Every structure is written in structure tokens, then in C-alpha cells.
$ cat my_file_29.cif   # mmCIF, C-alpha atoms
data_target
#
loop_
_atom_site.label_atom_id
_atom_site.label_comp_id
_atom_site.auth_asym_id
_atom_site.auth_seq_id
_atom_site.Cartn_x
_atom_site.Cartn_y
_atom_site.Cartn_z
CA MET A 1112 111.04 -39.31 -141.11
CA THR A 1113 110.72 -42.98 -140.17
CA ASP A 1114 109.39 -44.94 -137.22
CA THR A 1115 112.97 -45.67 -136.14
CA GLU A 1116 113.50 -41.99 -135.38
CA ALA A 1117 112.88 -40.59 -131.92
CA GLY A 1118 109.39 -39.50 -131.05
CA LEU A 1119 108.47 -35.85 -130.80
CA LEU A 1120 106.60 -33.88 -128.17
CA LEU A 1121 104.58 -30.96 -129.55
CA ALA A 1122 103.53 -28.12 -127.27
CA PHE A 1123 101.91 -24.73 -127.44
CA PRO A 1124 103.99 -21.67 -126.53
CA GLU A 1125 102.45 -21.15 -123.08
CA ASP A 1126 103.37 -24.75 -122.16
CA GLU A 1127 106.91 -24.54 -123.50
CA ALA A 1128 108.87 -24.65 -120.22
CA ILE A 1129 107.16 -27.69 -118.69
CA ALA A 1130 106.87 -29.44 -122.07
CA ARG A 1131 110.62 -29.16 -122.76
CA HIS A 1132 111.32 -30.52 -119.27
CA ALA A 1133 108.96 -33.44 -119.90
CA ALA A 1134 110.42 -34.13 -123.34
CA GLU A 1135 113.94 -34.29 -121.95
CA ALA A 1136 112.84 -36.59 -119.14
CA SER A 1137 111.01 -38.86 -121.61
CA GLY A 1138 113.71 -39.03 -124.27
CA LEU A 1139 111.58 -37.15 -126.79
CA GLY A 1140 112.43 -34.29 -129.07
CA CYS A 1141 110.40 -31.12 -128.56
CA ALA A 1142 108.88 -28.61 -130.95
CA LEU A 1143 106.34 -25.82 -130.63
CA ILE A 1144 103.02 -25.39 -132.38
CA ALA A 1145 102.71 -21.82 -133.63
CA ARG A 1146 99.35 -20.08 -133.33
CA HIS A 1147 97.94 -17.14 -135.27
CA ARG A 1148 94.66 -15.55 -134.26
CA PHE A 1149 92.62 -13.84 -136.95
CA PRO A 1150 90.54 -10.70 -136.20
CA ASP A 1151 87.31 -12.74 -136.20
CA GLY A 1152 88.65 -15.08 -133.51
CA GLU A 1153 89.52 -18.04 -135.71
CA ILE A 1154 92.96 -19.55 -135.20
CA LYS A 1155 95.58 -21.01 -137.49
CA LEU A 1156 98.08 -23.55 -136.19
CA THR A 1157 101.44 -24.37 -137.76
CA LEU A 1158 103.20 -27.62 -136.90
CA PRO A 1159 106.60 -28.85 -138.06
CA ALA A 1160 106.40 -29.68 -141.76
CA ARG A 1161 107.24 -33.36 -141.18
CA LEU A 1162 106.55 -35.47 -138.12
CA PRO A 1163 107.84 -38.85 -136.92
CA GLY A 1164 105.50 -41.78 -136.45
CA THR A 1165 105.31 -41.26 -132.67
CA VAL A 1166 104.02 -37.88 -131.55
CA VAL A 1167 102.92 -36.63 -128.14
CA ILE A 1168 100.88 -33.44 -127.84
CA TRP A 1169 101.11 -31.70 -124.44
CA ARG A 1170 98.05 -29.59 -123.70
CA GLY A 1171 96.48 -28.84 -120.34
CA LEU A 1172 92.76 -28.16 -120.62
CA GLU A 1173 92.33 -25.55 -117.88
CA PHE A 1174 90.85 -23.17 -120.48
CA PRO A 1175 88.97 -25.92 -122.26
CA ASN A 1176 86.66 -24.38 -124.80
CA GLU A 1177 89.25 -22.89 -127.14
CA ARG A 1178 91.85 -25.53 -126.32
CA LEU A 1179 89.58 -28.36 -127.43
CA THR A 1180 89.34 -26.66 -130.81
CA GLU A 1181 93.13 -26.36 -130.86
CA LEU A 1182 93.42 -30.08 -130.17
CA LEU A 1183 91.07 -30.88 -133.02
CA LEU A 1184 93.18 -28.85 -135.44
CA ALA A 1185 96.53 -30.04 -134.08
CA ALA A 1186 95.66 -33.74 -133.96
CA CYS A 1187 94.21 -33.83 -137.47
CA ALA A 1188 97.16 -31.89 -138.87
CA ALA A 1189 99.62 -34.19 -137.07
CA ARG A 1190 98.06 -37.23 -138.74
CA GLU A 1191 98.40 -35.60 -142.16
CA LEU A 1192 102.05 -34.73 -141.44
CA GLY A 1193 103.10 -38.30 -140.60
CA ALA A 1194 102.06 -39.12 -137.03
CA ARG A 1195 100.77 -42.68 -136.78
CA ARG A 1196 100.72 -43.03 -132.99
CA LEU A 1197 99.37 -39.90 -131.36
CA THR A 1198 99.24 -39.39 -127.59
CA LEU A 1199 97.64 -36.56 -125.65
CA VAL A 1200 99.21 -35.51 -122.36
CA ALA A 1201 96.60 -33.38 -120.62
CA PRO A 1202 97.80 -32.78 -117.05
CA TYR A 1203 94.36 -31.30 -116.34
CA LEU A 1204 91.45 -32.96 -118.13
CA ALA A 1205 88.41 -30.71 -118.31
CA TYR A 1206 84.70 -31.58 -118.46
CA MET A 1207 85.05 -34.69 -116.30
CA ARG A 1208 82.79 -33.56 -113.44
CA GLN A 1209 79.47 -33.79 -115.32
CA ASP A 1210 79.28 -37.58 -115.49
CA ILE A 1211 75.48 -37.94 -115.43
CA ALA A 1212 72.49 -35.81 -116.34
CA PHE A 1213 71.38 -34.38 -113.00
CA HIS A 1214 68.32 -32.83 -114.67
CA PRO A 1215 66.44 -33.80 -117.84
CA GLY A 1216 68.06 -32.46 -120.98
CA GLU A 1217 71.53 -31.86 -119.56
CA ALA A 1218 74.48 -32.75 -121.78
CA VAL A 1219 76.76 -35.30 -120.09
CA SER A 1220 80.01 -33.50 -120.86
CA GLN A 1221 82.31 -36.25 -119.57
CA ARG A 1222 80.94 -38.73 -122.07
CA ILE A 1223 80.84 -36.25 -124.97
CA VAL A 1224 84.31 -34.80 -124.48
CA GLY A 1225 85.76 -38.23 -123.71
CA ARG A 1226 84.52 -39.63 -127.01
CA PHE A 1227 85.72 -36.52 -128.84
CA LEU A 1228 89.27 -37.00 -127.53
CA ALA A 1229 89.16 -40.74 -128.18
CA GLY A 1230 88.40 -39.97 -131.82
CA LEU A 1231 91.53 -37.85 -132.14
CA PHE A 1232 94.19 -39.71 -130.16
CA ASP A 1233 95.50 -43.24 -129.69
CA ALA A 1234 96.44 -42.76 -126.04
CA LEU A 1235 95.89 -40.34 -123.18
CA VAL A 1236 97.92 -39.53 -120.07
CA THR A 1237 96.37 -37.28 -117.44
CA VAL A 1238 96.61 -36.56 -113.71
CA ASP A 1239 93.78 -36.96 -111.17
CA PRO A 1240 90.83 -36.82 -113.55
CA HIS A 1241 87.63 -36.14 -111.64
CA LEU A 1242 85.99 -39.56 -111.79
CA HIS A 1243 83.18 -39.92 -109.30
CA ARG A 1244 80.48 -42.25 -110.56
CA VAL A 1245 82.85 -43.68 -113.20
CA ALA A 1246 85.37 -46.26 -112.03
CA THR A 1247 88.10 -45.88 -114.64
CA LEU A 1248 89.43 -43.25 -117.03
CA GLN A 1249 88.90 -45.68 -119.90
CA GLU A 1250 85.15 -45.56 -119.28
CA ALA A 1251 85.21 -41.77 -119.68
CA VAL A 1252 87.70 -41.68 -122.57
CA PRO A 1253 87.37 -44.97 -124.47
CA LEU A 1254 90.95 -45.54 -125.57
CA PRO A 1255 93.05 -48.72 -125.33
CA THR A 1256 95.67 -46.75 -123.37
CA ALA A 1257 94.14 -44.21 -120.99
CA VAL A 1258 96.49 -43.56 -118.07
CA ALA A 1259 95.31 -41.77 -114.93
CA LEU A 1260 98.21 -40.70 -112.70
CA SER A 1261 97.88 -39.08 -109.30
CA GLY A 1262 99.37 -36.01 -107.69
CA ALA A 1263 98.44 -37.25 -104.20
CA PRO A 1264 101.70 -39.13 -103.44
CA ILE A 1265 103.97 -36.26 -104.45
CA LEU A 1266 101.83 -33.75 -102.56
CA ALA A 1267 101.92 -36.06 -99.53
CA ALA A 1268 105.72 -36.18 -99.63
CA HIS A 1269 105.78 -32.38 -99.74
CA ILE A 1270 103.41 -32.17 -96.78
CA ALA A 1271 105.39 -34.71 -94.76
CA ALA A 1272 108.54 -32.60 -95.11
CA ARG A 1273 106.75 -29.56 -93.66
CA ARG A 1274 104.17 -30.74 -91.14
CA GLU A 1275 104.15 -33.30 -88.33
CA GLN A 1276 101.22 -35.35 -87.03
CA VAL A 1277 99.04 -34.35 -89.93
CA LEU A 1278 95.29 -34.78 -90.03
CA LEU A 1279 94.42 -35.05 -93.70
CA LEU A 1280 90.88 -34.10 -94.69
CA GLY A 1281 88.98 -33.90 -97.94
CA PRO A 1282 86.66 -30.89 -98.16
CA ASP A 1283 83.91 -33.23 -99.39
CA GLU A 1284 83.23 -36.94 -99.80
CA GLU A 1285 84.42 -37.03 -103.41
CA ALA A 1286 87.97 -36.23 -102.24
CA LEU A 1287 88.30 -39.48 -100.29
CA GLN A 1288 90.12 -41.27 -103.14
CA TRP A 1289 92.97 -38.73 -103.08
CA VAL A 1290 93.04 -38.27 -99.30
CA ALA A 1291 93.18 -42.01 -98.61
CA GLN A 1292 95.98 -42.51 -101.15
CA ALA A 1293 98.05 -39.66 -99.71
CA ALA A 1294 97.53 -40.75 -96.09
CA LEU A 1295 98.37 -44.41 -96.78
CA GLY A 1296 102.13 -44.03 -97.04
CA HIS A 1297 102.47 -41.79 -93.98
CA GLY A 1298 100.10 -43.29 -91.42
CA TRP A 1299 98.10 -40.10 -91.13
CA ALA A 1300 94.61 -39.96 -89.71
CA HIS A 1301 92.26 -38.95 -92.48
CA GLY A 1302 88.65 -38.42 -93.42
CA THR A 1303 86.34 -36.14 -95.35
CA CYS A 1304 83.96 -33.34 -94.63
CA ARG A 1305 80.37 -33.40 -95.80
CA LYS A 1306 79.35 -30.79 -98.32
CA GLU A 1307 75.93 -29.54 -99.28
CA ARG A 1308 75.97 -27.49 -102.46
CA ARG A 1309 73.06 -25.24 -103.36
CA GLY A 1310 74.87 -23.33 -106.12
CA ASP A 1311 78.31 -22.59 -107.57
CA ARG A 1312 79.04 -20.20 -104.69
CA ASP A 1313 76.66 -21.44 -102.03
CA VAL A 1314 77.95 -24.39 -100.01
CA THR A 1315 77.90 -25.54 -96.40
CA VAL A 1316 80.47 -27.92 -94.90
CA GLN A 1317 80.18 -30.22 -91.90
CA LEU A 1318 83.30 -31.66 -90.26
CA PRO A 1319 83.57 -35.45 -89.77
CA PRO A 1320 82.09 -36.21 -86.35
CA ASP A 1321 84.50 -39.07 -85.62
CA LEU A 1322 87.75 -37.06 -85.95
CA ALA A 1323 88.95 -34.61 -83.29
CA VAL A 1324 90.53 -31.54 -84.89
CA ALA A 1325 91.40 -29.46 -81.82
CA GLY A 1326 95.12 -28.76 -81.66
CA ARG A 1327 95.79 -30.63 -84.92
CA SER A 1328 97.74 -29.57 -88.01
CA VAL A 1329 95.06 -30.09 -90.64
CA VAL A 1330 95.71 -30.27 -94.38
CA LEU A 1331 92.75 -30.05 -96.73
CA MET A 1332 93.45 -32.08 -99.88
CA ASP A 1333 91.47 -32.21 -103.12
CA ASP A 1334 91.97 -32.87 -106.80
CA VAL A 1335 90.90 -29.41 -107.92
CA ALA A 1336 90.29 -25.98 -106.41
CA SER A 1337 88.15 -23.68 -108.52
CA SER A 1338 85.96 -21.10 -106.79
CA GLY A 1339 87.47 -21.99 -103.39
CA HIS A 1340 84.14 -21.71 -101.56
CA THR A 1341 84.25 -25.26 -100.19
CA LEU A 1342 87.81 -24.77 -98.91
CA VAL A 1343 86.83 -21.48 -97.29
CA GLN A 1344 83.88 -23.03 -95.47
CA ALA A 1345 85.92 -26.05 -94.36
CA THR A 1346 88.76 -23.85 -93.09
CA ARG A 1347 86.42 -21.68 -91.06
CA ALA A 1348 84.79 -24.73 -89.51
CA LEU A 1349 88.16 -26.28 -88.66
CA LEU A 1350 89.58 -23.16 -87.03
CA ALA A 1351 86.34 -22.62 -85.11
CA SER A 1352 86.73 -26.17 -83.79
CA GLY A 1353 90.25 -25.49 -82.53
CA ALA A 1354 92.53 -26.69 -85.33
CA ALA A 1355 96.08 -25.46 -84.71
CA SER A 1356 96.59 -24.74 -88.42
CA VAL A 1357 95.00 -25.37 -91.79
CA ASP A 1358 96.91 -25.82 -95.06
CA VAL A 1359 95.60 -26.70 -98.51
CA ALA A 1360 97.08 -29.18 -101.04
CA VAL A 1361 95.50 -29.56 -104.48
CA THR A 1362 96.50 -31.21 -107.73
CA HIS A 1363 94.83 -28.71 -110.03
CA ALA A 1364 95.12 -25.03 -109.10
CA LEU A 1365 92.30 -23.50 -111.13
CA PHE A 1366 91.62 -20.81 -108.46
CA ALA A 1367 89.16 -18.70 -110.42
CA GLY A 1368 88.96 -14.97 -109.70
CA ASP A 1369 89.93 -14.02 -106.14
CA ALA A 1370 89.77 -17.59 -104.83
CA VAL A 1371 93.31 -17.59 -103.39
CA GLU A 1372 92.75 -14.31 -101.54
CA ARG A 1373 89.51 -15.60 -100.00
CA ILE A 1374 91.11 -18.89 -98.99
CA ARG A 1375 93.98 -17.09 -97.28
CA ALA A 1376 91.57 -14.64 -95.63
CA ALA A 1377 89.71 -17.62 -94.15
CA GLY A 1378 92.89 -18.54 -92.26
CA VAL A 1379 94.76 -21.01 -94.47
CA ARG A 1380 98.47 -20.90 -93.76
CA GLU A 1381 99.97 -22.43 -96.94
CA ILE A 1382 98.59 -23.49 -100.32
CA TRP A 1383 100.50 -26.18 -102.23
CA SER A 1384 99.68 -27.36 -105.74
CA THR A 1385 101.24 -29.41 -108.51
CA ASP A 1386 102.33 -27.82 -111.77
CA CYS A 1387 99.56 -29.53 -113.75
CA ILE A 1388 98.24 -25.98 -114.07
CA PRO A 1389 100.82 -23.15 -113.88
CA HIS A 1390 100.13 -21.10 -110.75
CA ALA A 1391 101.98 -19.18 -108.06
CA THR A 1392 101.11 -21.94 -105.56
CA ASN A 1393 102.94 -24.67 -107.54
CA ALA A 1394 105.13 -26.60 -105.11
CA VAL A 1395 105.75 -29.99 -106.74
CA SER A 1396 106.15 -31.18 -110.33
CA VAL A 1397 104.28 -33.96 -112.10
CA VAL A 1398 106.87 -34.14 -114.89
CA PRO A 1399 108.75 -37.18 -113.47
CA VAL A 1400 105.58 -39.29 -113.10
CA ILE A 1401 104.32 -38.30 -116.55
CA ALA A 1402 107.70 -39.08 -118.13
CA ASP A 1403 107.74 -42.47 -116.40
CA ALA A 1404 104.24 -43.21 -117.71
CA LEU A 1405 105.17 -42.31 -121.28
CA ARG A 1406 108.16 -44.65 -121.14
CA GLN A 1407 106.40 -47.51 -119.34
CA HIS A 1408 103.50 -47.54 -121.78
CA GLY A 1409 105.75 -47.29 -124.84
CA LEU A 1410 104.39 -43.88 -125.81
CA ALA A 1411 107.75 -42.15 -126.17
CA GLY A 1412 108.86 -44.14 -129.18
#

$ encode --input "my_file_29.cif" --output "C-alpha cells"
Amino acid sequence: MTDTEAGLLLAFPEDEAIARHAAEASGLGCALIARHRFPDGEIKLTLPARLPGTVVIWRGLEFPNERLTELLLAACAARELGARRLTLVAPYLAYMRQDIAFHPGEAVSQRIVGRFLAGLFDALVTVDPHLHRVATLQEAVPLPTAVALSGAPILAAHIAARREQVLLLGPDEEALQWVAQAALGHGWAHGTCRKERRGDRDVTVQLPPDLAVAGRSVVLMDDVASSGHTLVQATRALLASGAASVDVAVTHALFAGDAVERIRAAGVREIWSTDCIPHATNAVSVVPVIADALRQHGLAG
């Protein structure tokens, strides 16, 4: 194959549906990476025998530990099979939350994983990476082309079609970047709650004192929902303060264990998420914005 041929998007079987949609929207061919698991847990990957110069690998990192190993194998094999420009599309980028050592001796996973990925790929496209004390994705993943897209605008459009006079709240201060972006185009009042975390499942939430919630249609928006404890506490506080309804909109629907059931039991009416992570709550697709990014940055060949 030559550089004049169309680029190729490679995907793993569980990502096939969304990857084929993205490939079509980006003008890329699409092929699957086959996986064999040996009895001892090791894996063998099989890629197409020949690859074009431009290759995109689609891999969400919602189950990061094994998938990072898969990316190591796939990226190195792709180079050997002809790929000269290799892009990772990771709709969910794991290990971004630990951006400093909070206690002596802690591994700063954002920095370590970011450098690992930068050593494998030439470019990265992701959606709403959790950057708190880091200003840009390029600081976390040091690549010349590191593109951070956002699910906030498409979630906001979905909300606007279903709710009127929305009060948009982040469940904690870190969510302000997504809440402010979503509220901007719709003129919604917005703010954030204040969270105090004492453990993975032990949090307290205080509502913003300067925003009246009584009688309002409140939507809690965040980049990621994992255990759901913060959303549960925020929902209970909002309903106790007279909110007419509470809905949840998140980019990344991790929802570990029984998180969805507990969130609904707290009184949330609807849960909307993007398809960055496949989940029953998926309501909007990030494929169009990812396809646009691949074309605009010349990553589709």
C-alpha cells in the first residue's frame, strides 16, 4: 500500500459498530483487530497483513488496564505493518484524574500514561479528558496533535429539546468547565455544588448559596459518572430544597456497579450520556465531532 491510498481505521470487535460509523463519516476504510486470549491471560492480536501509511486506532479506555496493553501491541504491530502516521481515537481517556501526587510516593498516573501514549502514537483525539490542574491535553499527553473535544454542546442541545428554563449545575467545582460551556449557548443559569470527599464512596455536597433551586428544572452535568455517589448526594439536596425535577447529563457513562439504580432511586428523572462509552443511557453521539476533528487536523489521510 502507498501513502496515496485512503487511510484505515482499526477497531476492536466490541467497538465495531461505532468505529464503522466513524470511519464512514471520516472517509476512512475500516478493519477489525482480532484478539485471542491464551489460558494464562496473555493476548494475541492480529491486524491486517498490510497497512496504509495513515492509520487510526479507535479504542475507548473505560477498562484501561488490559486495553493499554492492547494499545501497546496494536500500535507497535501497526508500525511494523506499514503505518507511518498513527492516530489514537480514545473517546474516553483513562488515568487523567491523578494529575499530582496528593500524598508522598503516589504515582502521577496522568503524566505516566500520557507519556506512554505519546510514545506510541503521533496524534490523539479524545473527548472531555479530565484536566483539572493541567490547562491543556498536550501537557498531559505530549504530542504535537492532541485534540480535546467536548460532549457538552451536544448534550446541551439534547437538554434544550427536552427541558425549559433549565438550571444547569455541576455536582462539584471541577465540573464548571463543562457546565459553563453547555450553558453559554442557551442562556441558562448555571453554577456548581461544593463537594467534600472523604473516600471513594463517602462524599457530602453543598448547593451553591447564590442560586435558587425551588421550582426549577435542574440538570446535573459532569464529564464522568463512576460510582454515582456525588450525583446521589446532589440530587437529594436539590429535591430537599424544592427543585421541580433533577436530570443528569454526562459525557462518560462509567456507572460502576449499581450506580444507575442508586441515582434513579435518589429521584433523578432522566439520565443522558454520550456514546463515548457504550451504555443504556446513551442519548447523543460524538461520532460527527470526532469525524470532523480527524478531517480538520488531516488525520484521515

$ resolve_selection --input "my_file_29.cif" --expression "the PyMOL selection byres ((chain A and resi 1302) around 9)" --output "list in words"
Leu1278, Leu1279, Leu1280, Gly1281, Glu1284, Leu1287, Val1290, Ala1291, Ala1300, His1301, Thr1303, Cys1304, Pro1319, Asp1321 and Leu1322 of chain A

$ resolve_selection --input "my_file_29.cif" --expression "the PyMOL selection byres ((chain A and resi 1179) around 12)" --output "number ranges by chain"
A: 1170-1178, 1180-1186, 1199, 1201, 1204-1206, 1224-1225, 1227-1228, 1231

$ closest_atom_pairs --input "my_file_29.cif" --of "segment 1377-1400 of chain A" --to "segment 1113-1127 of chain A" --cutoff "12 Å" --atoms "all atoms listed in the file" --output "Markdown table"
| residue | atom | partner | partner_atom | distance |
| --- | --- | --- | --- | --- |
| A:Asp1386 | CA | A:Asp1126 | CA | 10.9 |
| A:Cys1387 | CA | A:Asp1126 | CA | 10.4 |
| A:Ile1388 | CA | A:Asp1126 | CA | 9.7 |
| A:Pro1389 | CA | A:Asp1126 | CA | 8.8 |

$ closest_residue --input "my_file_29.cif" --among "A:Leu1139, A:Val1219, A:Ala1336, A:Ile1168" --to "Thr1392 of chain A" --atoms "only C-alpha atoms"
A:Ala1336

$ residues_around --input "my_file_29.cif" --residues "segment 1256-1264 of chain A" --least-positions-apart "3" --cutoff "10 Å" --atoms "only C-alpha atoms" --output "tab-separated table (two decimals) with C-alpha atoms, keeping the file's coordinate frame"
chain	number	residue	atom	x	y	z
A	1198	THR	CA	99.24	-39.39	-127.59
A	1199	LEU	CA	97.64	-36.56	-125.65
A	1200	VAL	CA	99.21	-35.51	-122.36
A	1202	PRO	CA	97.80	-32.78	-117.05
A	1229	ALA	CA	89.16	-40.74	-128.18
A	1232	PHE	CA	94.19	-39.71	-130.16
A	1233	ASP	CA	95.50	-43.24	-129.69
A	1234	ALA	CA	96.44	-42.76	-126.04
A	1235	LEU	CA	95.89	-40.34	-123.18
A	1236	VAL	CA	97.92	-39.53	-120.07
A	1237	THR	CA	96.37	-37.28	-117.44
A	1238	VAL	CA	96.61	-36.56	-113.71
A	1239	ASP	CA	93.78	-36.96	-111.17
A	1240	PRO	CA	90.83	-36.82	-113.55
A	1247	THR	CA	88.10	-45.88	-114.64
A	1248	LEU	CA	89.43	-43.25	-117.03
A	1249	GLN	CA	88.90	-45.68	-119.90
A	1250	GLU	CA	85.15	-45.56	-119.28
A	1251	ALA	CA	85.21	-41.77	-119.68
A	1252	VAL	CA	87.70	-41.68	-122.57
A	1253	PRO	CA	87.37	-44.97	-124.47
A	1267	ALA	CA	101.92	-36.06	-99.53
A	1268	ALA	CA	105.72	-36.18	-99.63
A	1269	HIS	CA	105.78	-32.38	-99.74
A	1270	ILE	CA	103.41	-32.17	-96.78
A	1288	GLN	CA	90.12	-41.27	-103.14
A	1289	TRP	CA	92.97	-38.73	-103.08
A	1290	VAL	CA	93.04	-38.27	-99.30
A	1291	ALA	CA	93.18	-42.01	-98.61
A	1292	GLN	CA	95.98	-42.51	-101.15
A	1293	ALA	CA	98.05	-39.66	-99.71
A	1294	ALA	CA	97.53	-40.75	-96.09
A	1295	LEU	CA	98.37	-44.41	-96.78
A	1296	GLY	CA	102.13	-44.03	-97.04
A	1297	HIS	CA	102.47	-41.79	-93.98
A	1332	MET	CA	93.45	-32.08	-99.88
A	1333	ASP	CA	91.47	-32.21	-103.12
A	1334	ASP	CA	91.97	-32.87	-106.80
A	1360	ALA	CA	97.08	-29.18	-101.04
A	1361	VAL	CA	95.50	-29.56	-104.48
A	1362	THR	CA	96.50	-31.21	-107.73
A	1363	HIS	CA	94.83	-28.71	-110.03
A	1384	SER	CA	99.68	-27.36	-105.74
A	1385	THR	CA	101.24	-29.41	-108.51
A	1386	ASP	CA	102.33	-27.82	-111.77
A	1387	CYS	CA	99.56	-29.53	-113.75
A	1395	VAL	CA	105.75	-29.99	-106.74
A	1396	SER	CA	106.15	-31.18	-110.33
A	1397	VAL	CA	104.28	-33.96	-112.10
A	1400	VAL	CA	105.58	-39.29	-113.10
A	1401	ILE	CA	104.32	-38.30	-116.55
A	1404	ALA	CA	104.24	-43.21	-117.71
A	1405	LEU	CA	105.17	-42.31	-121.28
A	1408	HIS	CA	103.50	-47.54	-121.78
A	1410	LEU	CA	104.39	-43.88	-125.81

$ atom_distance --input "my_file_29.cif" --atom1 "atom CA of Ala1355 of chain A" --atom2 "atom CA of His1390 of chain A"
26.7 Å

$ resolve_selection --input "my_file_29.cif" --expression "the PyMOL selection byres ((chain A and resi 1368-1382) around 12)" --output "PyMOL selection string"
chain A and resi 1266+1269-1270+1273-1274+1312+1328-1333+1336-1351+1354-1367+1383-1385+1390-1395

$ atom_distance --input "my_file_29.cif" --atom1 "atom CA of Gly1298 of chain A" --atom2 "atom CA of Val1324 of chain A"
16.5 Å

$ build_atoms --input "my_file_29.cif" --residues "segment 1188-1196 of chain A" --atoms "all heavy atoms" --output "mmCIF file, in the coordinates of the input"
data_model
loop_
_atom_site.group_PDB
_atom_site.id
_atom_site.type_symbol
_atom_site.label_atom_id
_atom_site.label_comp_id
_atom_site.auth_asym_id
_atom_site.auth_seq_id
_atom_site.Cartn_x
_atom_site.Cartn_y
_atom_site.Cartn_z
ATOM 1 N N ALA A 1188 95.995 -32.294 -138.096
ATOM 2 C CA ALA A 1188 97.160 -31.890 -138.870
ATOM 3 C C ALA A 1188 98.333 -32.843 -138.633
ATOM 4 O O ALA A 1188 99.061 -33.202 -139.570
ATOM 5 C CB ALA A 1188 97.562 -30.461 -138.510
ATOM 6 N N ALA A 1189 98.517 -33.270 -137.386
ATOM 7 C CA ALA A 1189 99.620 -34.190 -137.070
ATOM 8 C C ALA A 1189 99.480 -35.493 -137.845
ATOM 9 O O ALA A 1189 100.474 -36.055 -138.327
ATOM 10 C CB ALA A 1189 99.669 -34.444 -135.569
ATOM 11 N N ARG A 1190 98.273 -35.994 -137.966
ATOM 12 C CA ARG A 1190 98.060 -37.230 -138.740
ATOM 13 C C ARG A 1190 98.477 -37.014 -140.200
ATOM 14 O O ARG A 1190 99.138 -37.864 -140.805
ATOM 15 C CB ARG A 1190 96.584 -37.618 -138.696
ATOM 16 C CG ARG A 1190 96.036 -37.936 -137.326
ATOM 17 C CD ARG A 1190 96.472 -39.279 -136.820
ATOM 18 N NE ARG A 1190 95.737 -39.640 -135.615
ATOM 19 C CZ ARG A 1190 96.029 -40.664 -134.836
ATOM 20 N NH1 ARG A 1190 97.070 -41.441 -135.131
ATOM 21 N NH2 ARG A 1190 95.329 -40.935 -133.754
ATOM 22 N N GLU A 1191 98.081 -35.872 -140.760
ATOM 23 C CA GLU A 1191 98.400 -35.600 -142.160
ATOM 24 C C GLU A 1191 99.901 -35.418 -142.377
ATOM 25 O O GLU A 1191 100.409 -35.666 -143.483
ATOM 26 C CB GLU A 1191 97.657 -34.349 -142.619
ATOM 27 C CG GLU A 1191 96.139 -34.516 -142.653
ATOM 28 C CD GLU A 1191 95.422 -33.240 -143.029
ATOM 29 O OE1 GLU A 1191 96.097 -32.201 -143.225
ATOM 30 O OE2 GLU A 1191 94.176 -33.268 -143.122
ATOM 31 N N LEU A 1192 100.622 -35.011 -141.320
ATOM 32 C CA LEU A 1192 102.050 -34.730 -141.440
ATOM 33 C C LEU A 1192 102.921 -35.924 -141.059
ATOM 34 O O LEU A 1192 104.143 -35.789 -140.959
ATOM 35 C CB LEU A 1192 102.411 -33.518 -140.578
ATOM 36 C CG LEU A 1192 101.782 -32.196 -141.040
ATOM 37 C CD1 LEU A 1192 101.938 -31.124 -139.963
ATOM 38 C CD2 LEU A 1192 102.426 -31.737 -142.345
ATOM 39 N N GLY A 1193 102.307 -37.091 -140.803
ATOM 40 C CA GLY A 1193 103.100 -38.300 -140.600
ATOM 41 C C GLY A 1193 102.924 -39.027 -139.288
ATOM 42 O O GLY A 1193 103.450 -40.129 -139.121
ATOM 43 N N ALA A 1194 102.233 -38.450 -138.320
ATOM 44 C CA ALA A 1194 102.060 -39.120 -137.030
ATOM 45 C C ALA A 1194 101.141 -40.323 -137.184
ATOM 46 O O ALA A 1194 100.022 -40.197 -137.691
ATOM 47 C CB ALA A 1194 101.489 -38.148 -136.002
ATOM 48 N N ARG A 1195 101.590 -41.476 -136.728
ATOM 49 C CA ARG A 1195 100.770 -42.680 -136.780
ATOM 50 C C ARG A 1195 100.328 -43.120 -135.391
ATOM 51 O O ARG A 1195 99.310 -43.787 -135.250
ATOM 52 C CB ARG A 1195 101.526 -43.806 -137.483
ATOM 53 C CG ARG A 1195 101.582 -43.606 -138.985
ATOM 54 C CD ARG A 1195 102.320 -44.717 -139.681
ATOM 55 N NE ARG A 1195 103.758 -44.623 -139.459
ATOM 56 C CZ ARG A 1195 104.566 -43.785 -140.120
ATOM 57 N NH1 ARG A 1195 104.054 -42.959 -141.010
ATOM 58 N NH2 ARG A 1195 105.858 -43.764 -139.888
ATOM 59 N N ARG A 1196 101.117 -42.767 -134.372
ATOM 60 C CA ARG A 1196 100.720 -43.030 -132.990
ATOM 61 C C ARG A 1196 100.723 -41.692 -132.265
ATOM 62 O O ARG A 1196 101.770 -41.088 -132.062
ATOM 63 C CB ARG A 1196 101.669 -44.020 -132.314
ATOM 64 C CG ARG A 1196 101.251 -44.365 -130.885
ATOM 65 C CD ARG A 1196 102.070 -45.484 -130.307
ATOM 66 N NE ARG A 1196 103.500 -45.228 -130.380
ATOM 67 C CZ ARG A 1196 104.431 -46.014 -129.853
ATOM 68 N NH1 ARG A 1196 104.085 -47.124 -129.244
ATOM 69 N NH2 ARG A 1196 105.711 -45.715 -129.955
#
